[in-house]
Amino acid sequence: MPVKLNLVEAKSILVKSGLPASDWVINAYNGCMFGCMYCYAASMARWKHPHDEWGSYLDVKKNAPELLHVELGKLFNRFKAKNFGSIFLSSVTDPYVGFEAKYRLTRRCLEVLADFEYEGKISIQTKSPLVIRDLDVLKRLKNVTVGFTVTTLDDKVSQFLEVSAPKSSERIKALQKLHDNGVSTYAFIGPILPYFTAIEHKIEELLDKLQEVGVLEVWFEHINLNGFIKSRLYEYLQQEDSQLIPYFDRTLDQTYRDELDQIIHRCMKGRSLKMSCNKVLFHK
Ligand code: SF4
């Protein structure tokens, strides 16, 4: 799909977060080319691009690093400290979406945070090994953790549902590399894919692999099939493999989610991995 790039001037970049476990978010881009068919950001971003298909545009906030520098200065004057809470990159895009290789906005924002000597926790969540490019900056940050979304170990499944994102195997290799370089890592298993991953032995395999590559913490999230996400996903499944639809339908039942919660707690028992929030997240 051709991508329409919009170079824009953001008015703010360090924004108060409504997410669990983060106080602030930085989105240097708006839009994403990775094409995940379950993407919740596609639904959230519609108010800015009501007529554009998700994946067909990218707003590039070209002043993000400079703006961040100014905003950190203002917050420092207010809090008289170099820690205003945890910062998350990113909530409505992938911070290492392909064009980051060219624009380097995420990298430059991290440099600003490193130069500022930010003391709060910084979490970066991605599906792209491009984050490895920034190992030098990551090592300068005082309190950083890098998370990879890993919904399956099967590259065919990741390519089916995360159409243009780097394959799962590449993400696993990147996690290993980060760990080898002393960067703390976590994994986000979300959404837990019905049919492909929501099976006890598949979850065990996935957790074994994550532990093997040095992951310390795992987040779990049930699939969120709100109206827009569901219609976009089902349209795709209808074309590609409509037999999968009943498996996704089942996730709408509380009983399904309760059973899956029990499976996950069983799989986590006795492992050194920390389970974030000690529960499987579910956003309605
Ligand atoms: S990588 Fe994240 S933001 Fe991008 S399409 Fe996938 S789920 Fe959406």
# chains A, B, ... in the order shown; residues from 1 in each chain; ligands from 1
$ residues_near_ligand --ligand "ligand 1" --cutoff "9 Å" --atoms "only C-alpha atoms and all ligand atoms" --output "PDB file with C-alpha atoms, in the first residue's frame"
ATOM      1  CA  ASN A  30       0.931   8.882  14.258  1.00  0.00           C
ATOM      2  CA  GLY A  31       0.011   5.912  12.079  1.00  0.00           C
ATOM      3  CA  CYS A  32       1.800   2.610  11.515  1.00  0.00           C
ATOM      4  CA  MET A  33       2.783   0.533   8.511  1.00  0.00           C
ATOM      5  CA  PHE A  34       3.123  -2.822  10.273  1.00  0.00           C
ATOM      6  CA  GLY A  35      -0.387  -3.804   9.354  1.00  0.00           C
ATOM      7  CA  CYS A  36      -1.483  -5.805  12.409  1.00  0.00           C
ATOM      8  CA  MET A  37      -5.034  -6.890  11.731  1.00  0.00           C
ATOM      9  CA  TYR A  38      -5.981  -6.628  15.419  1.00  0.00           C
ATOM     10  CA  CYS A  39      -4.456  -3.170  15.932  1.00  0.00           C
ATOM     11  CA  TYR A  40      -6.270  -1.069  18.546  1.00  0.00           C
ATOM     12  CA  ALA A  41      -4.330   2.063  17.530  1.00  0.00           C
ATOM     13  CA  ALA A  42      -6.077   1.875  14.149  1.00  0.00           C
ATOM     14  CA  TRP A  54      -4.846   2.431   8.579  1.00  0.00           C
ATOM     15  CA  GLY A  55      -1.357   1.844   7.184  1.00  0.00           C
ATOM     16  CA  SER A  90       4.660   4.479  22.026  1.00  0.00           C
ATOM     17  CA  SER A  91       0.917   4.102  22.374  1.00  0.00           C
ATOM     18  CA  VAL A  92      -0.533   4.877  18.918  1.00  0.00           C
ATOM     19  CA  THR A  93       2.311   3.778  16.669  1.00  0.00           C
ATOM     20  CA  ASP A  94       5.353   1.562  16.765  1.00  0.00           C
ATOM     21  CA  PRO A  95       8.319   3.742  17.793  1.00  0.00           C
ATOM     22  CA  TYR A  96      10.471   1.802  15.301  1.00  0.00           C
ATOM     23  CA  VAL A  97       8.030   1.850  12.419  1.00  0.00           C
ATOM     24  CA  GLN A 125       7.650  -1.345  23.088  1.00  0.00           C
ATOM     25  CA  THR A 126       8.116  -2.426  19.518  1.00  0.00           C
ATOM     26  CA  LYS A 127       7.943  -5.209  16.982  1.00  0.00           C
ATOM     27  CA  SER A 128      11.074  -4.085  15.169  1.00  0.00           C
ATOM     28  CA  THR A 149       5.270  -7.768  21.298  1.00  0.00           C
ATOM     29  CA  GLU A 162       0.914  -8.808  11.606  1.00  0.00           C
ATOM     30  CA  VAL A 163       1.206  -8.538   7.867  1.00  0.00           C
ATOM     31  CA  SER A 164       4.118  -6.116   7.409  1.00  0.00           C
ATOM     32  CA  ALA A 165       5.746  -6.311  10.832  1.00  0.00           C
TER      33      ALA A 165
END
$ residues_around --residues "A:Asp249" --least-positions-apart "3" --cutoff "10 Å" --atoms "only C-alpha atoms" --output "ChimeraX atom specification"
/A:194,225,230,234,244-246,252-253
$ closest_residue --among "A:Glu53, A:Asp23, A:Glu221, A:Glu200" --to "A:Pro2" --atoms "only C-alpha atoms"
A:Glu53
$ closest_residue --among "A:Val60, A:Pro65, A:Asn77, A:Lys156" --to "A:Glu111" --atoms "only C-alpha atoms"
A:Pro65
$ closest_residue --among "A:Leu207, A:Leu89, A:Ile132, A:Val3" --to "A:Thr106" --atoms "only C-alpha atoms"
A:Leu89
$ select_by_dssp --residues "stretch 49-121 of chain A" --states "strand (DSSP E or B)" --output "PyMOL selection string"
chain A and resi 57-61+87-89
